[in-house]
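Raw contents of data.cif, mmCIF, C-alpha atoms:
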data_entry
loop_
_atom_site.label_atom_id
_atom_site.label_comp_id
_atom_site.auth_asym_id
_atom_site.auth_seq_id
_atom_site.Cartn_x
_atom_site.Cartn_y
_atom_site.Cartn_z
CA SER A 1 11.69 -14.31 -19.42
CA LYS A 2 11.25 -11.20 -17.34
CA ARG A 3 15.04 -10.81 -17.34
CA GLY A 4 15.01 -10.30 -21.11
CA ALA A 5 14.89 -7.10 -23.13
CA SER A 6 11.26 -7.38 -24.15
CA VAL A 7 8.55 -6.78 -21.58
CA THR A 8 6.54 -9.91 -20.91
CA SER A 9 3.40 -9.71 -18.78
CA GLU A 10 5.40 -10.88 -15.77
CA ALA A 11 8.16 -8.36 -16.37
CA ARG A 12 5.64 -5.58 -16.82
CA SER A 13 4.37 -6.14 -13.27
CA GLY A 14 7.66 -4.90 -11.80
CA SER A 15 7.78 -7.67 -9.20
CA ARG A 16 11.21 -9.22 -8.59
CA GLY A 17 10.80 -12.59 -6.92
CA GLU A 18 8.24 -15.14 -5.89
CA LYS A 19 4.68 -13.90 -5.80
CA THR A 20 3.36 -16.37 -3.25
CA ARG A 21 3.02 -14.29 -0.14
CA ASP A 22 0.94 -14.18 3.01
CA ARG A 23 -1.86 -11.65 2.47
CA ARG A 24 -3.52 -12.03 5.84
CA ARG A 25 -1.46 -9.42 7.66
CA GLY A 26 -2.91 -7.97 10.85
CA GLY A 27 -4.70 -11.18 11.89
CA ALA A 28 -3.35 -11.26 15.42
CA PRO A 29 -4.55 -7.76 16.40
CA LEU A 30 -7.97 -8.52 14.91
CA GLY A 31 -8.24 -11.70 16.93
CA MET A 32 -7.23 -9.91 20.13
CA CYS A 33 -9.89 -7.26 19.64
CA ALA A 34 -12.60 -9.72 18.66
CA GLY A 35 -11.94 -11.91 21.71
CA GLU A 36 -13.44 -9.29 24.00
CA HIS A 37 -16.86 -9.66 22.32
CA ARG A 38 -17.16 -13.36 21.54
CA ASP A 39 -19.56 -13.98 24.43
CA GLN A 40 -21.78 -11.00 23.55
CA SER A 41 -24.82 -11.03 21.32
CA LEU A 42 -24.76 -9.18 18.01
CA ALA A 43 -27.20 -6.65 19.49
CA ASP A 44 -24.82 -5.95 22.41
CA VAL A 45 -21.83 -5.56 20.08
CA ARG A 46 -23.81 -3.13 17.92
CA ALA A 47 -24.77 -1.16 21.04
CA ASP A 48 -21.10 -0.97 22.08
CA TYR A 49 -20.23 0.16 18.58
CA ASP A 50 -22.86 2.93 18.66
CA ASP A 51 -21.64 4.05 22.09
CA SER A 52 -18.03 4.20 20.94
CA ILE A 53 -18.96 6.32 17.92
CA ALA A 54 -21.01 8.67 20.09
CA GLY A 55 -18.11 8.98 22.54
CA LEU A 56 -15.63 9.73 19.77
CA ILE A 57 -17.90 12.39 18.26
CA ALA A 58 -18.38 13.97 21.69
CA LEU A 59 -14.61 14.06 22.19
CA ILE A 60 -14.06 15.70 18.80
CA ASP A 61 -16.74 18.30 19.57
CA ARG A 62 -14.89 19.25 22.77
CA LEU A 63 -11.64 20.01 20.94
CA SER A 64 -10.84 23.12 18.97
CA ASP A 65 -9.16 23.05 15.57
CA GLU A 66 -5.97 24.24 17.28
CA GLN A 67 -6.09 21.42 19.84
CA LEU A 68 -6.71 18.80 17.16
CA ALA A 69 -3.60 19.88 15.27
CA ALA A 70 -1.44 20.73 18.30
CA ASP A 71 1.76 19.04 19.41
CA SER A 72 2.14 17.91 23.01
CA PRO A 73 4.49 15.61 24.96
CA LEU A 74 2.11 12.74 24.21
CA THR A 75 1.71 13.48 20.53
CA ALA A 76 5.44 14.13 20.20
CA ALA A 77 6.11 10.62 21.52
CA LEU A 78 3.61 9.18 19.06
CA ARG A 79 4.80 11.54 16.29
CA ARG A 80 1.17 12.31 15.39
CA PRO A 81 -1.27 15.08 16.35
CA PRO A 82 -4.72 14.18 17.77
CA LEU A 83 -6.42 14.69 14.41
CA ASP A 84 -4.28 11.97 12.82
CA MET A 85 -4.98 9.56 15.69
CA ILE A 86 -8.73 10.21 15.44
CA TYR A 87 -8.65 9.60 11.70
CA ASP A 88 -6.83 6.30 12.24
CA ALA A 89 -9.27 5.26 14.96
CA ALA A 90 -12.35 6.15 12.94
CA PRO A 91 -12.78 6.43 9.13
CA HIS A 92 -9.38 4.98 8.23
CA HIS A 93 -9.80 2.02 10.58
CA TRP A 94 -13.43 1.41 9.62
CA ARG A 95 -12.49 1.37 5.95
CA PHE A 96 -9.77 -1.16 6.69
CA HIS A 97 -12.21 -3.57 8.34
CA HIS A 98 -14.82 -2.90 5.67
CA ASP A 99 -12.26 -3.99 3.07
CA LEU A 100 -11.32 -7.09 5.06
CA ILE A 101 -14.98 -8.14 5.14
CA LEU A 102 -15.20 -7.59 1.38
CA LEU A 103 -12.20 -9.87 0.90
CA TRP A 104 -13.91 -12.52 3.01
CA LEU A 105 -17.14 -12.19 1.03
CA ASP A 106 -15.32 -12.47 -2.30
CA GLY A 107 -12.88 -15.17 -1.17
CA ALA A 108 -14.77 -18.08 -2.66
CA SER A 109 -15.83 -16.43 -5.89
CA GLY A 110 -12.51 -15.30 -7.36
CA MET A 111 -11.25 -11.78 -7.99
CA SER A 112 -13.65 -8.89 -8.53
CA LYS A 113 -13.19 -5.14 -8.85
CA ARG A 114 -14.19 -4.52 -5.25
CA GLY A 115 -11.93 -7.38 -4.15
CA LEU A 116 -8.96 -5.94 -6.02
CA LEU A 117 -9.54 -2.50 -4.49
CA ALA A 118 -9.90 -4.07 -1.05
CA HIS A 119 -6.63 -5.98 -1.44
CA ILE A 120 -4.85 -2.76 -2.42
CA ARG A 121 -6.32 -0.70 0.45
CA VAL A 122 -5.72 -3.34 3.12
CA ALA A 123 -2.08 -3.91 2.12
CA TYR A 124 -1.38 -0.17 1.95
CA PHE A 125 -3.06 0.40 5.32
CA ASP A 126 -0.80 -2.29 6.78
CA PHE A 127 2.27 -0.74 5.16
CA GLU A 128 1.44 2.74 6.47
CA ASN A 129 0.99 1.35 9.97
CA LEU A 130 4.37 -0.37 9.76
CA LEU A 131 6.06 2.93 8.88
CA ARG A 132 4.78 4.48 12.11
CA ASN A 133 7.29 2.35 14.03
CA PHE A 134 10.18 4.48 12.80
CA THR A 135 11.68 7.84 13.68
CA PRO A 136 12.76 10.20 10.86
CA GLU A 137 16.34 9.14 11.59
CA GLN A 138 15.51 5.45 11.25
CA MET A 139 13.71 6.13 7.97
CA THR A 140 17.03 7.21 6.42
CA GLN A 141 19.24 4.56 8.01
CA PRO A 142 20.95 2.54 5.24
CA ASN A 143 21.15 -1.21 4.69
CA VAL A 144 17.51 -2.08 5.33
CA GLU A 145 17.19 -3.77 1.93
CA GLY A 146 20.61 -4.05 0.34
CA VAL A 147 22.03 -0.55 0.67
CA TRP A 148 18.58 1.04 0.66
CA SER A 149 17.04 2.87 3.59
CA ILE A 150 13.29 2.78 4.23
CA LYS A 151 13.09 6.16 2.48
CA ASP A 152 14.79 4.62 -0.54
CA ILE A 153 12.30 1.75 -0.53
CA LEU A 154 9.48 4.31 -0.62
CA ALA A 155 11.16 6.04 -3.57
CA HIS A 156 11.27 2.65 -5.33
CA LEU A 157 7.54 2.11 -4.69
CA ILE A 158 6.78 5.60 -6.02
CA SER A 159 8.68 4.83 -9.22
CA TRP A 160 6.69 1.66 -9.84
CA HIS A 161 3.44 3.46 -9.04
CA GLY A 162 4.43 5.85 -11.82
CA PHE A 163 5.13 2.96 -14.18
CA LEU A 164 1.71 1.45 -13.43
CA LEU A 165 -0.02 4.81 -13.90
CA ARG A 166 1.56 5.23 -17.33
CA GLU A 167 0.48 1.75 -18.35
CA LEU A 168 -3.08 2.26 -17.09
CA ASP A 169 -3.28 5.57 -18.96
CA THR A 170 -2.17 3.81 -22.16
CA ILE A 171 -4.72 1.03 -21.69
CA ALA A 172 -7.52 3.51 -20.90
CA ARG A 173 -6.81 5.35 -24.16
CA GLY A 174 -6.94 2.08 -26.06
CA ASP A 175 -3.34 2.43 -27.23
CA VAL A 176 -0.85 -0.42 -27.58
CA LEU A 177 1.61 -0.92 -24.71
CA PRO A 178 5.32 -0.66 -25.54
CA THR A 179 7.10 -3.94 -26.23
CA SER A 180 10.36 -2.66 -24.73
CA TYR A 181 11.16 -0.01 -22.12
CA GLY A 182 14.94 -0.17 -22.09
CA GLN A 183 17.60 1.81 -23.85
CA PRO A 184 19.14 0.23 -27.00
CA GLY A 185 20.96 -2.95 -26.02
CA GLU A 186 19.78 -2.74 -22.40
CA THR A 187 18.39 -5.86 -20.75
CA TRP A 188 15.18 -5.71 -18.72
CA ALA A 189 17.15 -6.36 -15.52
CA ALA A 190 19.45 -3.43 -16.32
CA THR A 191 16.43 -1.23 -17.06
CA ILE A 192 14.91 -2.08 -13.68
CA ASP A 193 18.19 -1.35 -11.88
CA ARG A 194 18.53 1.99 -13.70
CA TRP A 195 14.95 3.04 -12.89
CA ASN A 196 15.40 2.11 -9.24
CA ALA A 197 18.69 4.01 -8.98
CA GLU A 198 17.14 7.06 -10.63
CA ALA A 199 14.13 6.97 -8.30
CA VAL A 200 16.38 6.95 -5.23
CA ALA A 201 18.75 9.61 -6.57
CA GLN A 202 15.92 11.97 -7.50
CA ARG A 203 14.77 12.00 -3.85
CA ALA A 204 18.16 11.98 -2.15
CA ASP A 205 17.66 15.54 -0.86
CA HIS A 206 14.02 15.02 0.13
CA SER A 207 13.04 14.35 3.73
CA ALA A 208 11.49 11.01 4.67
CA ALA A 209 8.21 12.83 5.37
CA GLU A 210 8.23 14.35 1.86
CA VAL A 211 8.86 10.99 0.23
CA GLN A 212 6.17 9.36 2.34
CA ALA A 213 3.71 12.08 1.30
CA GLU A 214 4.60 11.50 -2.36
CA LEU A 215 4.03 7.76 -1.93
CA LYS A 216 0.59 8.47 -0.47
CA GLN A 217 -0.21 10.78 -3.38
CA THR A 218 0.81 8.25 -6.04
CA TYR A 219 -1.04 5.48 -4.18
CA GLU A 220 -4.23 7.54 -4.28
CA GLN A 221 -3.70 8.20 -8.00
CA VAL A 222 -3.31 4.47 -8.64
CA LEU A 223 -6.44 3.73 -6.63
CA ALA A 224 -8.42 6.32 -8.62
CA HIS A 225 -7.18 4.84 -11.91
CA VAL A 226 -8.15 1.32 -10.86
CA GLU A 227 -11.58 2.56 -9.76
CA SER A 228 -12.08 4.15 -13.20
CA PHE A 229 -11.97 0.76 -14.94
CA GLY A 230 -15.07 -1.39 -15.20
CA GLU A 231 -14.95 -4.85 -13.68
CA ALA A 232 -15.11 -6.56 -17.09
CA ARG A 233 -11.98 -4.70 -18.24
CA LEU A 234 -10.09 -5.53 -15.03
CA LEU A 235 -10.89 -9.23 -15.47
CA ALA A 236 -9.92 -9.20 -19.17
CA PRO A 237 -6.41 -9.74 -20.61
CA VAL A 238 -4.02 -6.79 -20.39
CA GLU A 239 -4.07 -6.66 -24.18
CA ASP A 240 -4.88 -8.89 -27.14
CA GLY A 241 -2.81 -12.05 -27.07
CA SER A 242 -1.78 -11.62 -23.42
CA THR A 243 -2.25 -14.49 -20.97
CA GLU A 244 -2.15 -12.05 -18.03
CA LEU A 245 -5.34 -10.37 -16.86
CA LEU A 246 -5.30 -6.64 -16.11
CA TRP A 247 -5.95 -7.12 -12.40
CA GLN A 248 -3.01 -9.52 -12.22
CA SER A 249 -0.74 -6.88 -13.73
CA ILE A 250 -2.03 -4.29 -11.25
CA ARG A 251 -1.41 -6.46 -8.18
CA GLY A 252 2.33 -6.71 -8.88
CA ASN A 253 2.78 -2.96 -8.42
CA THR A 254 0.26 -2.54 -5.61
CA TYR A 255 -0.64 -4.97 -2.86
CA GLU A 256 1.94 -7.67 -3.65
CA HIS A 257 4.62 -4.97 -3.85
CA TYR A 258 3.62 -3.41 -0.51
CA ILE A 259 3.64 -6.81 1.20
CA GLU A 260 7.00 -7.74 -0.35
CA HIS A 261 8.78 -4.69 1.05
CA ALA A 262 6.84 -4.69 4.33
CA GLN A 263 8.22 -8.16 5.01
CA VAL A 264 11.77 -6.94 4.37
CA ILE A 265 11.31 -3.93 6.67
CA THR A 266 9.72 -6.12 9.35
CA ARG A 267 12.71 -8.49 9.30
CA TRP A 268 15.06 -5.51 9.63
CA LEU A 269 13.01 -4.16 12.53
CA ALA A 270 13.14 -7.54 14.23
CA GLY A 271 16.93 -7.44 13.92
CA LEU A 272 17.00 -4.03 15.61
CA SER A 273 14.87 -5.39 18.45
CA ARG A 274 17.29 -8.25 19.02
CA GLY A 275 20.05 -5.64 19.29
#

Written as structure tokens, that's how I'd like the structure from this file.
Amino acid sequence: SKRGASVTSEARSGSRGEKTRDRRRGGAPLGMCAGEHRDQSLADVRADYDDSIAGLIALIDRLSDEQLAADSPLTAALRRPPLDMIYDAAPHHWRFHHDLILLWLDGASGMSKRGLLAHIRVAYFDFENLLRNFTPEQMTQPNVEGVWSIKDILAHLISWHGFLLRELDTIARGDVLPTSYGQPGETWAATIDRWNAEAVAQRADHSAAEVQAELKQTYEQVLAHVESFGEARLLAPVEDGSTELLWQSIRGNTYEHYIEHAQVITRWLAGLSRG
């Protein structure tokens, strides 16, 4: 049992609850965008795509470095300078759709390394976009998930990124994973609660922006670690005698974890909207 003192494969994932979740987030916006081009030929859509890229490049060329990074009434309302918006509209957004297409291509053939990476990137992209709905003040408002604020949820995700990174380092070295992570006499549930409390307390004096930047940094470290493994290793058991495959262990602290907390934050946001 994952509530016991020893770390089973399920406990090691860090997930606390059902793992059956909707992973098709963002479908409505995609459908809305695609609807504009359904009556066009592929050649026409490609021409529109080329024109949009050329227009974006021309716009970037017109702006100075200072203008790209500058604040203005518009960017203050959006809480993002032009450079960030351009990045979201171009490479970041293209990578998101690239990964969605990879998931579609791999959907019938089971998990692969590129599919795992695509799942992670798509879910994190979605999570980052969700966070843009909130002001710095809202990011620290309590009682979003239990007593936690959104900032506290990010601290929790950072902590479990760190746990995953330590495990991946151990596996990469060929060493044996620990059989227990708790203090003497401590149950696994108590260990989880202690780790979560420590993660939040360590960042109590940090701004929401600082914690979000740390989450991004640890996410990129996790992604690099996953990319360093060959596909055969990712599709193999975590260790000898384990019934859990390595990619299954990774998903619990990456895309399933992002989706889990995104759903909680989305429900809280819906409650704010209802007033």

*asked:* Expand the PyMOL selection byres ((chain A and resi 171) around 12) into the explicit residue set it covers here, and present it as a ChimeraX atom specification.
replied: /A:164-170,172-178,225-226,228-229,233-234,236-240,246,249

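Interatomic distance, CA of Ser159 in chain A to CA of Thr243 in chain A: 25.1 Å.
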
*asked:* I need the residue nearest Val147 in chain A from this list: A:Ala224, A:Leu42, A:Ile60, A:Ala197. Use all atoms listed in the file for the distance.
replied: A:Ala197

*Residues near Glu231 in chain A, cut-off 9 Å, all atoms listed in the file, skip fewer than 5 positions along chain, as a list of chain:residue names*: A:Ser112, A:Lys113, A:Arg114, A:Ala236

*Pick the closest to Tyr255 in chain A from A:Ile120, A:Ile192, A:Ala47, A:Ala209: which is it, counting all atoms listed in the file?*
A:Ile120

*Tell me which residues the PyMOL selection byres ((chain A and resi 139) around 7) grabs here, as a PyMOL selection string.*
chain A and resi 134-138+140-141+149-151+208

*Expand the PyMOL selection byres ((chain A and resi 155) around 9) into the individual residues it matches in the shown file, reporting them as number ranges by chain.*
A: 150-154, 156-160, 196, 199-203, 211-212, 214-215
